[in-house]
Structure formats: structure tokens, C-alpha cells
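J.: Structure: target_22.cif, mmCIF, C-alpha atoms.
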```cif
data_structure
#
loop_
_atom_site.label_atom_id
_atom_site.label_comp_id
_atom_site.auth_asym_id
_atom_site.auth_seq_id
_atom_site.Cartn_x
_atom_site.Cartn_y
_atom_site.Cartn_z
CA MET G 1 17.02 23.53 -2.42
CA GLU G 2 15.63 27.04 -2.69
CA SER G 3 17.12 29.87 -4.74
CA PHE G 4 19.53 32.48 -3.38
CA GLY G 5 16.70 35.02 -3.53
CA PHE G 6 14.61 32.91 -1.15
CA TYR G 7 17.35 32.85 1.50
CA TRP G 8 18.09 36.54 1.00
CA ASN G 9 14.42 37.38 1.56
CA HIS G 10 14.43 35.12 4.65
CA PHE G 11 17.46 37.00 6.01
CA VAL G 12 15.88 40.40 5.32
CA GLU G 13 12.63 39.34 6.99
CA LEU G 14 14.47 38.21 10.13
CA GLU G 15 16.54 41.39 10.16
CA THR G 16 13.37 43.46 9.93
CA GLN G 17 11.81 41.57 12.84
CA ASN G 18 14.94 42.03 14.95
CA LEU G 19 15.09 45.75 14.21
CA ARG G 20 11.45 46.07 15.24
CA SER G 21 12.25 44.23 18.47
CA LEU G 22 15.10 46.63 19.15
CA LEU G 23 12.84 49.63 18.52
CA GLU G 24 10.24 48.14 20.87
CA ILE G 25 12.88 47.75 23.58
CA LEU G 26 14.02 51.34 23.07
CA GLY G 27 10.39 52.44 23.10
CA SER G 28 9.88 50.60 26.38
CA LEU G 29 12.81 52.51 27.83
CA GLY G 30 11.01 55.68 26.82
CA GLY G 31 7.85 54.62 28.60
CA HIS G 32 5.81 53.28 25.66
CA GLY G 33 4.75 49.84 26.81
CA GLY G 34 7.06 47.49 28.65
CA GLN G 35 6.57 43.91 27.52
CA SER G 36 9.61 43.85 25.21
CA LEU G 37 11.81 45.44 27.86
CA ARG G 38 10.62 42.99 30.55
CA THR G 39 11.25 40.05 28.22
CA TRP G 40 14.73 41.30 27.38
CA LEU G 41 15.60 41.94 31.03
CA PHE G 42 14.36 38.46 31.99
CA GLN G 43 16.70 36.93 29.42
CA GLN G 44 19.63 38.79 31.02
CA ILE G 45 19.00 37.41 34.53
CA PRO G 46 21.54 34.51 34.32
CA LEU G 47 24.21 36.88 33.02
CA GLY G 48 23.46 39.48 35.68
CA ILE G 49 23.55 36.99 38.54
CA THR G 50 26.79 35.42 37.31
CA LEU G 51 28.52 38.76 36.81
CA SER G 52 27.41 40.00 40.22
CA ILE G 53 28.71 36.92 42.05
CA LEU G 54 32.04 36.88 40.22
CA ILE G 55 32.61 40.63 40.58
CA ALA G 56 31.97 40.31 44.31
CA GLY G 57 34.35 37.35 44.40
CA GLU G 58 37.09 39.39 42.74
CA PHE G 59 36.82 41.86 45.63
CA VAL G 60 36.49 39.29 48.44
CA ILE G 61 38.77 36.43 47.32
CA PRO G 62 41.04 37.84 44.60
CA TRP G 63 43.79 35.60 43.24
CA ARG G 64 46.06 38.35 41.88
CA ARG G 65 45.81 40.88 44.70
CA HIS G 66 48.01 43.39 42.89
CA GLN G 67 45.64 43.59 39.90
CA ARG G 68 43.70 46.84 39.71
CA LYS G 69 39.91 46.64 39.68
CA TRP G 70 39.53 49.94 37.80
CA ARG G 71 42.08 49.23 35.09
CA PRO G 72 42.80 50.63 31.61
CA GLY G 73 40.49 49.02 29.07
CA LEU G 74 37.75 48.24 31.58
CA GLY G 75 35.24 50.44 29.74
CA LEU G 76 35.97 48.64 26.46
CA ASP G 77 35.51 45.22 28.05
CA MET G 78 32.25 46.33 29.66
CA PHE G 79 31.09 47.44 26.21
CA TYR G 80 31.96 44.00 24.77
CA THR G 81 30.14 42.25 27.62
CA LEU G 82 27.02 44.36 28.03
CA VAL G 83 26.44 45.91 24.61
CA HIS G 84 28.38 44.33 21.76
CA THR G 85 27.13 40.75 22.15
CA ALA G 86 23.47 41.75 22.43
CA LEU G 87 23.61 44.25 19.58
CA PHE G 88 25.57 41.95 17.29
CA PHE G 89 23.06 39.13 17.49
CA LEU G 90 20.03 41.40 17.47
CA LEU G 91 21.17 43.49 14.51
CA PHE G 92 22.96 40.88 12.40
CA GLY G 93 24.14 37.61 13.89
CA GLU G 94 20.88 35.84 14.66
CA ALA G 95 19.39 36.43 11.20
CA PHE G 96 22.61 35.46 9.44
CA VAL G 97 23.19 32.26 11.41
CA THR G 98 19.54 31.19 11.20
CA THR G 99 19.51 31.69 7.42
CA VAL G 100 22.77 29.79 6.88
CA VAL G 101 21.57 26.88 9.04
CA LEU G 102 18.30 26.78 7.07
CA ALA G 103 20.23 26.65 3.79
CA CYS G 104 22.46 23.84 5.10
CA MET G 105 19.45 21.83 6.26
CA ASP G 106 17.81 22.26 2.86
CA ALA G 107 21.02 21.10 1.17
CA ILE G 108 21.09 17.96 3.31
CA GLU G 109 17.45 17.30 2.48
CA LEU G 110 18.29 17.64 -1.21
CA VAL G 111 21.10 15.08 -0.88
CA THR G 112 19.36 12.59 1.43
CA GLY G 113 15.84 12.99 0.06
CA THR G 114 14.31 13.35 3.52
CA ALA G 115 13.33 16.35 5.59
CA ASN G 116 14.26 14.54 8.82
CA ASN G 117 17.93 15.42 8.88
CA ALA G 118 19.01 14.16 12.28
CA ALA G 119 21.63 11.44 12.02
CA ILE G 120 21.17 10.31 15.64
CA TYR G 121 17.78 10.38 17.34
CA LEU G 122 17.58 11.08 21.07
CA ASN G 123 13.84 11.46 21.63
CA LYS G 124 13.58 8.35 23.83
CA VAL G 125 16.71 9.11 25.84
CA PRO G 126 16.02 10.53 29.34
CA MET G 127 16.50 14.28 29.59
CA TRP G 128 19.32 14.00 32.16
CA ALA G 129 21.23 11.71 29.79
CA ARG G 130 20.63 14.12 26.89
CA VAL G 131 21.91 17.04 28.96
CA LEU G 132 25.07 15.14 29.94
CA ALA G 133 25.58 14.12 26.32
CA MET G 134 25.10 17.72 25.20
CA LEU G 135 27.56 18.99 27.79
CA ALA G 136 30.18 16.47 26.66
CA TYR G 137 29.46 17.22 23.02
CA ALA G 138 29.50 21.00 23.56
CA GLU G 139 32.85 20.82 25.36
CA PHE G 140 34.42 18.60 22.69
CA GLN G 141 33.10 20.91 19.99
CA SER G 142 34.38 23.93 21.91
CA TYR G 143 37.80 22.32 22.25
CA ILE G 144 38.03 21.66 18.49
CA GLY G 145 36.71 25.11 17.62
CA HIS G 146 39.20 26.79 19.94
CA TRP G 147 42.02 24.77 18.40
CA LEU G 148 40.92 25.94 14.94
CA LEU G 149 40.91 29.57 16.08
CA HIS G 150 44.57 29.25 17.01
CA ASN G 151 45.74 27.17 14.06
CA VAL G 152 43.83 28.54 11.05
CA GLY G 153 45.46 31.81 9.98
CA PHE G 154 42.45 34.01 9.26
CA LEU G 155 40.56 32.71 12.31
CA TRP G 156 43.53 33.57 14.54
CA GLU G 157 43.40 37.16 13.29
CA PHE G 158 39.85 37.42 14.66
CA HIS G 159 40.73 35.55 17.87
CA LYS G 160 43.61 37.93 18.58
CA VAL G 161 41.03 40.43 19.82
CA HIS G 162 40.25 38.09 22.71
CA HIS G 163 43.95 37.62 23.50
CA CYS G 164 45.02 41.26 23.33
CA SER G 165 43.90 42.14 26.85
CA PRO G 166 46.87 42.70 29.21
CA VAL G 167 44.92 41.38 32.22
CA LEU G 168 42.24 38.77 32.86
CA ASP G 169 39.09 39.35 34.84
CA VAL G 170 35.40 38.60 34.51
CA TRP G 171 34.81 41.57 32.20
CA ASN G 172 37.02 40.42 29.31
CA ALA G 173 35.55 36.92 29.05
CA GLN G 174 33.33 38.23 26.23
CA ARG G 175 35.92 40.33 24.39
CA PHE G 176 35.29 38.73 20.99
CA HIS G 177 35.42 40.10 17.47
CA ALA G 178 32.17 39.92 15.49
CA GLY G 179 33.93 37.64 12.97
CA GLU G 180 34.68 35.14 15.73
CA LYS G 181 31.09 35.33 16.90
CA VAL G 182 29.93 34.36 13.40
CA PHE G 183 32.37 31.43 13.43
CA TRP G 184 31.19 30.19 16.82
CA SER G 185 27.53 30.62 15.93
CA LEU G 186 27.83 28.50 12.80
CA PHE G 187 30.26 26.00 14.32
CA SER G 188 28.18 25.38 17.43
CA ALA G 189 24.60 25.73 16.17
CA PHE G 190 24.52 23.41 13.16
CA PRO G 191 25.92 20.00 14.30
CA PRO G 192 23.64 19.58 17.37
CA ILE G 193 20.63 19.82 15.08
CA LEU G 194 21.99 16.94 12.99
CA ILE G 195 22.54 14.86 16.11
CA GLY G 196 18.99 15.49 17.19
CA PHE G 197 19.42 17.54 20.35
CA PRO G 198 16.27 19.55 21.10
CA PRO G 199 16.94 23.22 20.24
CA ARG G 200 15.77 24.51 23.65
CA GLU G 201 18.16 22.19 25.46
CA VAL G 202 20.97 23.20 23.12
CA VAL G 203 20.38 26.85 24.03
CA SER G 204 20.29 26.04 27.76
CA VAL G 205 23.57 24.13 27.64
CA THR G 206 25.16 26.91 25.57
CA ILE G 207 24.15 29.49 28.18
CA LEU G 208 25.58 27.30 30.95
CA THR G 209 28.95 26.91 29.24
CA VAL G 210 29.13 30.66 28.53
CA LEU G 211 28.47 31.45 32.19
CA LEU G 212 31.18 29.01 33.28
CA SER G 213 33.61 30.70 30.88
CA TYR G 214 33.16 33.92 32.88
CA TYR G 215 34.59 32.09 35.88
CA THR G 216 37.67 30.85 33.98
CA HIS G 217 38.62 34.44 33.14
CA SER G 218 37.87 35.85 36.60
CA ASN G 219 40.48 36.97 39.13
CA ILE G 220 39.33 34.48 41.78
CA ARG G 221 41.09 31.69 43.66
CA ILE G 222 38.73 28.85 44.63
CA PRO G 223 40.43 25.57 45.67
CA LEU G 224 38.75 22.83 43.63
CA GLY G 225 40.71 19.82 44.88
CA PRO G 226 40.40 16.84 42.52
CA LEU G 227 37.71 18.71 40.55
CA LYS G 228 40.47 20.87 39.05
CA TYR G 229 40.97 18.01 36.59
CA VAL G 230 37.33 18.31 35.50
CA PHE G 231 36.37 21.98 35.62
CA ASN G 232 38.35 24.72 33.95
CA ASN G 233 39.59 27.39 36.33
CA PRO G 234 41.45 30.73 36.29
CA GLN G 235 44.76 29.21 37.45
CA LEU G 236 44.76 26.88 34.45
CA HIS G 237 43.29 29.20 31.85
CA ILE G 238 45.71 32.06 32.47
CA TRP G 239 48.44 29.96 30.82
CA HIS G 240 46.33 29.87 27.67
CA HIS G 241 46.68 33.67 27.52
CA ALA G 242 50.37 33.76 28.41
CA ALA G 243 52.55 35.67 25.94
CA THR G 244 55.31 33.08 26.43
CA ILE G 245 53.11 30.34 24.93
CA ASP G 246 53.24 30.03 21.14
CA PRO G 247 49.71 30.87 19.92
CA LYS G 248 50.01 28.21 17.20
CA ARG G 249 50.89 25.53 19.77
CA ASN G 250 48.69 26.74 22.55
CA VAL G 251 47.52 24.96 25.69
CA ASN G 252 44.37 24.70 27.82
CA TYR G 253 41.78 25.00 25.04
CA GLY G 254 38.88 23.86 27.24
CA ASP G 255 35.99 26.17 28.00
CA ALA G 256 33.83 25.01 30.90
CA THR G 257 35.87 21.87 31.54
CA CYS G 258 39.48 20.81 31.04
CA VAL G 259 38.76 17.12 30.49
CA PHE G 260 39.69 17.12 26.82
CA ASP G 261 42.90 19.03 27.52
CA TYR G 262 44.02 16.22 29.80
CA LEU G 263 42.81 13.58 27.34
CA PHE G 264 44.65 15.12 24.35
CA GLY G 265 47.76 16.27 26.17
CA THR G 266 47.22 20.03 25.92
CA ALA G 267 46.71 20.65 29.65
CA TYR G 268 49.52 22.83 31.03
CA LEU G 269 49.90 24.07 34.59
CA PRO G 270 53.61 24.07 35.55
CA GLU G 271 52.89 26.36 38.51
CA GLU G 272 50.43 28.96 39.67
CA ARG G 273 51.69 32.29 38.39
CA THR G 274 50.12 35.64 39.19
CA ASN G 275 52.56 37.81 37.23
CA LEU G 276 52.41 36.34 33.74
CA LYS G 277 52.62 38.71 30.77
CA LEU G 278 49.53 38.07 28.70
CA GLY G 279 48.90 38.39 24.98
CA PHE G 280 51.12 37.52 22.01
CA SER G 281 54.41 38.63 20.49
CA ASP G 282 53.29 42.04 19.13
CA VAL G 283 50.44 42.67 21.57
CA ASP G 284 51.90 46.02 22.67
CA ASP G 285 51.25 47.37 19.16
CA TYR G 286 47.68 46.04 18.93
CA PRO G 287 44.85 48.64 18.86
CA THR G 288 43.16 49.43 22.16
CA THR G 289 39.92 50.86 20.73
CA PHE G 290 36.84 48.98 19.56
CA LEU G 291 37.03 50.36 16.03
CA GLY G 292 40.72 49.55 15.77
CA GLN G 293 40.16 46.00 17.00
CA PHE G 294 37.25 45.57 14.59
CA VAL G 295 39.20 46.70 11.53
CA THR G 296 42.62 45.14 12.22
CA PRO G 297 41.71 41.48 11.48
CA PHE G 298 40.26 42.40 8.10
CA ARG G 299 43.36 44.40 7.23
CA ALA G 300 45.64 41.54 8.28
CA ILE G 301 43.64 38.98 6.27
CA GLY G 302 43.61 41.29 3.22
CA ALA G 303 47.38 41.83 3.48
CA GLY G 304 47.92 38.08 3.71
CA ILE G 305 45.86 37.47 0.57
CA LYS G 306 47.82 40.15 -1.30
CA ASP G 307 51.13 38.61 -0.21
CA ARG G 308 50.06 35.15 -1.41
CA ILE G 309 48.94 36.54 -4.77
CA ALA G 310 52.19 38.50 -5.17
CA SER G 311 54.31 35.44 -4.30
CA ARG G 312 52.76 33.25 -6.99
CA PRO G 313 55.09 32.62 -9.93
CA ARG G 314 54.02 34.50 -13.01
CA VAL G 315 53.54 32.65 -16.26
CA LEU G 316 55.22 34.50 -19.11
CA SER G 317 53.12 34.67 -22.23
CA ARG G 318 54.78 34.17 -25.58
#
```
I'd like the structure from this file rewritten - as C-alpha cells, please.

T.:
Amino acid sequence: MESFGFYWNHFVELETQNLRSLLEILGSLGGHGGQSLRTWLFQQIPLGITLSILIAGEFVIPWRRHQRKWRPGLGLDMFYTLVHTALFFLLFGEAFVTTVVLACMDAIELVTGTANNAAIYLNKVPMWARVLAMLAYAEFQSYIGHWLLHNVGFLWEFHKVHHCSPVLDVWNAQRFHAGEKVFWSLFSAFPPILIGFPPREVVSVTILTVLLSYYTHSNIRIPLGPLKYVFNNPQLHIWHHAATIDPKRNVNYGDATCVFDYLFGTAYLPEERTNLKLGFSDVDDYPTTFLGQFVTPFRAIGAGIKDRIASRPRVLSR
């Protein structure tokens, strides 16, 4: 196990590389070269195609016809989708998560005495079987992580940002606080490495599930027939955001699929409702700006810590 200074230097080195990449992209925009910009744009192709199809679908086959396309908060959600995610990982998230995973792997090596940390080896398993296993694993992990976000106090404060939107459409699928992004990055990146999933395939499956999550938030009505018990869909997921549902006893935790909701009894679709009030009990008082939504969770967590400290019985000294 290396010293703290080693991991700090590793983090700083990655941060420096990411900042240089950002400057190269900005330089490409200004006409100085173009390789970095082309690489970045190529990486955005799946997102762009998915957004384009779903946005068109919201115009052609909308589910809630009364919902405005140009709504209040649209600019904020577009910022979360197009800017915040990319900037967060480029400027901070990627270096932080990579460094923490490295430290955890070194700790396991220290305990086990071997550098080969995978607990389950899948090298000889056919790729199609690995992909199916990863999809099932990713969905189960997503289900558990989503449950934690609703049932662990400080995590819920971060997750509130996602639930504070008064409407659902494709643009607010990525309305996430940076603190929640750190949680998901650590929660989803580390275990697959231990199981032995190839990193490239892990990334591919992660991208697929993220793209499917855009559909679950979209304002689209696509009859799925029996597949509605397999794939998550807007008609099911809207109940997860309903203000009438207790956030601590929430329903429909699934991301790309709803299989685990049906297995664990958290699936809930009493009827298809297009006029549900979304959010939580005090959502009308929640900030509607990016800065306000960024700061509020930290303030709430700090206030909770102060309350717990103040409520502790004091020991009188003699």
C-alpha cells in the first residue's frame, strides 16, 4: 500500500492531463488543430443520436400532450445534460474516481498478497455471456444504489436534485448533483473490476444503461406489450418521481430494466397517470438555479450534523 502522497500525486497528474485535454479541445474550437475536438465529438455520438430520436419522439408521439416543450427549467436541464456531466468528469470526477479505485485495489493486494484481485474470472466465458452477465449485474447494482440514495440520509440530500424537477422529459434524465455522480462512479466502477469484467465492456454496458435511462424519463408513449415487465418505461418510472410516494419507501428503482422491481416487490403501476405532481413534500421551496441546487445538499447535511451534535447528552464534569 502506497503513501497518501503517492495517491495525491497520482490525482494531481491525472487532473493536469485532463486540464490539458480540455485546453486542447478549446484550442480546437479556436482553429488550432482538431484531433482532440474530433475525438471528443466522436465520443458524444451515442448521446447525440439518442437525444435526437427521443426529442423527435416527444414531438411525434407524446404521452402527456399537455406538457410544454419549452418549459421553465429547460435551460438548466440542458446545462446538466450537455455541459455539467462532461465538465465534472473532465475537471474532477475521472481523476478522483480513478485514484480511489487504485487505492482500493492496492489495499486488496496488501490484504490478499496478490496483484490479481479479481474474485471471479470470466476470460474464458463467451463475450455474449459476459455482456448479459454485465447487464444483469449492472441493473442489480443500479437497483441497490438507487435504493441507498433514497434511504441513506445524506445521499438523499444529493439525490433530491434529480427529484426536484416539476416535469419529466428527456432533458432532465441527467439532472444529477456532483455529489451523486461521485457516489455512482465509485459504486459502479469498483465491483466489476473485482468480478473480472473487462474494463472496455464495463464502459460499453454503462453507456447503454445511461442511454436507456433517457428513455425512461422521456415524454413518450410506446406500447411494449409483455416487454413492459422487462424494460423500464416512462409510464412506470413517473411513479418513482410522484410527490405522493414517500421518498423513503419509494417504488420503481430500476434503471434500464424493471426486472428487479418485480422480483423484490417494489414495482408500482396502479394506473397510467399523466397529471401526477412530481417531486417531494417541500419541492416548491427547493432552489431552481444550478448554484442553489449545488449548495443546498451540503447545507442540509451540515445542519443535520449540527443537530445530532447538539442533541447528544452532555457529560457534566465534576

J.: Could you give me, as JSON lines, every segment 120-147 of chain G residue with an atom at most 12 Å from segment 262-268 of chain G, plus its closest atom pair and distance in Å to one decimal, counting all atoms listed in the file, rows ordered by chain then number?

T.:
```
{"residue": "G:Phe140", "atom": "CA", "partner": "G:Leu263", "partner_atom": "CA", "distance": 10.8}
{"residue": "G:Tyr143", "atom": "CA", "partner": "G:Phe264", "partner_atom": "CA", "distance": 10.2}
{"residue": "G:Ile144", "atom": "CA", "partner": "G:Phe264", "partner_atom": "CA", "distance": 11.0}
{"residue": "G:Trp147", "atom": "CA", "partner": "G:Thr266", "partner_atom": "CA", "distance": 10.3}
```

J.: Counting only C-alpha atoms, which of G:Gln235, G:Ser188, G:Gln174, G:Ser213 gets nearest to His84 of chain G?

T.: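 When distances to His84 of chain G are compared using only C-alpha atoms, the smallest one comes from G:Gln174.
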
J.: Skipping near chain neighbours, those fewer than 5 positions away, what residues fall within 7 Å of segment 291-303 of chain G using all atoms listed in the file, listed as a PyMOL selection string?

T.: chain G and resi 154+157-158+161+177

J.: Can you work out which one of G:Asp282, G:Glu2, G:Glu180, G:Glu139 has the shortest atom-to-atom distance to Leu208 of chain G, counting all atoms listed in the file?

T.: G:Glu139

J.: When distances are computed from all atoms listed in the file, which of G:Phe6, G:Tyr80, G:Phe59, G:Ser52 shows the smallest separation from Asp106 of chain G?

T.: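 Going through G:Phe6, G:Tyr80, G:Phe59, G:Ser52 one by one, the smallest distance to Asp106 of chain G is for G:Phe6.
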
J.: Can you work out which one of G:Asn172, G:Ser281, G:Asn250, G:Thr81 has the shortest atom-to-atom distance to Thr216 of chain G, counting only C-alpha atoms?

T.: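 Closest candidate: G:Asn172.
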
J.: Atom CA of Ile222 of chain G and atom CA of Glu272 of chain G are how many Å apart?

T.: 12.7 Å

J.: Need the neighbours of (48.9, 38.1, 18.8): which residues are at most 7 Å away, counting all atoms listed in the file, as a PyMOL selection string?

T.: chain G and resi 160+163-164+279-283

J.: By how many Å are atom CA of Ala178 of chain G and atom CA of Asn233 of chain G apart?

T.: 25.4 Å

J.: Mind checking which residues fall within 10 Å of segment 241-245 of chain G, counting all atoms listed in the file, ignoring those fewer than 2 positions away in the same chain, and posting them as a list in words?

T.: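 Skipping anything fewer than 2 positions along the chain leaves His162, His163, Cys164, Ser165, Pro166, Val167, Leu168, His217, Leu236, His237, Ile238, Trp239, Pro247, Lys248, Arg249, Asn250, Val251, Asn252, Asn275, Leu276, Lys277, Leu278, Gly279, Phe280, Ser281, Asp282 and Val283 of chain G.
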
J.: Please write the residues from the selection above to a file, keeping C-alpha atoms, as a short mmCIF file (atom, residue, chain, number, x, y, z; two decimals), keeping the file's coordinate frame.

T.:
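As a result, again_9.cif now contains:
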```
data_model
loop_
_atom_site.label_atom_id
_atom_site.label_comp_id
_atom_site.auth_asym_id
_atom_site.auth_seq_id
_atom_site.Cartn_x
_atom_site.Cartn_y
_atom_site.Cartn_z
CA HIS G 162 40.25 38.09 22.71
CA HIS G 163 43.95 37.62 23.50
CA CYS G 164 45.02 41.26 23.33
CA SER G 165 43.90 42.14 26.85
CA PRO G 166 46.87 42.70 29.21
CA VAL G 167 44.92 41.38 32.22
CA LEU G 168 42.24 38.77 32.86
CA HIS G 217 38.62 34.44 33.14
CA LEU G 236 44.76 26.88 34.45
CA HIS G 237 43.29 29.20 31.85
CA ILE G 238 45.71 32.06 32.47
CA TRP G 239 48.44 29.96 30.82
CA PRO G 247 49.71 30.87 19.92
CA LYS G 248 50.01 28.21 17.20
CA ARG G 249 50.89 25.53 19.77
CA ASN G 250 48.69 26.74 22.55
CA VAL G 251 47.52 24.96 25.69
CA ASN G 252 44.37 24.70 27.82
CA ASN G 275 52.56 37.81 37.23
CA LEU G 276 52.41 36.34 33.74
CA LYS G 277 52.62 38.71 30.77
CA LEU G 278 49.53 38.07 28.70
CA GLY G 279 48.90 38.39 24.98
CA PHE G 280 51.12 37.52 22.01
CA SER G 281 54.41 38.63 20.49
CA ASP G 282 53.29 42.04 19.13
CA VAL G 283 50.44 42.67 21.57
#
```

J.: Please provide as a PDB file with C-alpha atoms, keeping the file's coordinate frame all residues within 12 Å of Trp8 of chain G, with the sequence filter that same-chain residues fewer than 4 positions apart are discarded (counting all atoms listed in the file).

T.:
```pdb
ATOM      1  CA  GLU G   2      15.630  27.040  -2.690  1.00  0.00           C
ATOM      2  CA  SER G   3      17.120  29.870  -4.740  1.00  0.00           C
ATOM      3  CA  PHE G   4      19.530  32.480  -3.380  1.00  0.00           C
ATOM      4  CA  VAL G  12      15.880  40.400   5.320  1.00  0.00           C
ATOM      5  CA  GLU G  13      12.630  39.340   6.990  1.00  0.00           C
ATOM      6  CA  LEU G  14      14.470  38.210  10.130  1.00  0.00           C
ATOM      7  CA  GLU G  15      16.540  41.390  10.160  1.00  0.00           C
ATOM      8  CA  ALA G  95      19.390  36.430  11.200  1.00  0.00           C
ATOM      9  CA  PHE G  96      22.610  35.460   9.440  1.00  0.00           C
ATOM     10  CA  THR G  98      19.540  31.190  11.200  1.00  0.00           C
ATOM     11  CA  THR G  99      19.510  31.690   7.420  1.00  0.00           C
ATOM     12  CA  VAL G 100      22.770  29.790   6.880  1.00  0.00           C
ATOM     13  CA  LEU G 102      18.300  26.780   7.070  1.00  0.00           C
ATOM     14  CA  ALA G 103      20.230  26.650   3.790  1.00  0.00           C
TER      15      ALA G 103
END
```

J.: Can you measure atom CA of Ala133 of chain G to atom CA of Gly254 of chain G for me? One decimal in Å is fine.

T.: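 Atom CA of Gly254 of chain G lies at a distance of 16.5 Å from atom CA of Ala133 of chain G.
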
J.: Looking at G:Lys228, G:Val101, G:Gly57, G:Pro62, which one is nearest to Phe11 of chain G, with distances taken over only C-alpha atoms?

T.: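 Looking only at the distances to Phe11 of chain G, the closest residue turns out to be G:Val101.
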
J.: Given the file shown, enumerate the residues that the PyMOL selection byres ((chain G and resi 181) around 10) captures and present them as JSON, numbers by chain.

T.: {"G": [85, 88, 89, 93, 158, 159, 176, 177, 178, 179, 180, 182, 183, 184, 185, 186, 187]}

J.: Can you tell me, as a list in words, what residues are no more than 12 Å from Ile53 of chain G when counting only C-alpha atoms, ignoring any on the same chain fewer than 3 positions away?

T.: Pro46, Leu47, Gly48, Ile49, Thr50, Ala56, Gly57, Glu58, Phe59, Val60, Ile61, Val170, Leu211, Tyr214, Tyr215, Ser218 and Ile220 of chain G

J.: May I ask which of the residues G:Leu212, G:Ala107, G:Ala136, G:Val83 is the closest one to Val259 of chain G, counting all atoms listed in the file?

T.: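 Closest residue, counting all atoms listed in the file: G:Ala136.
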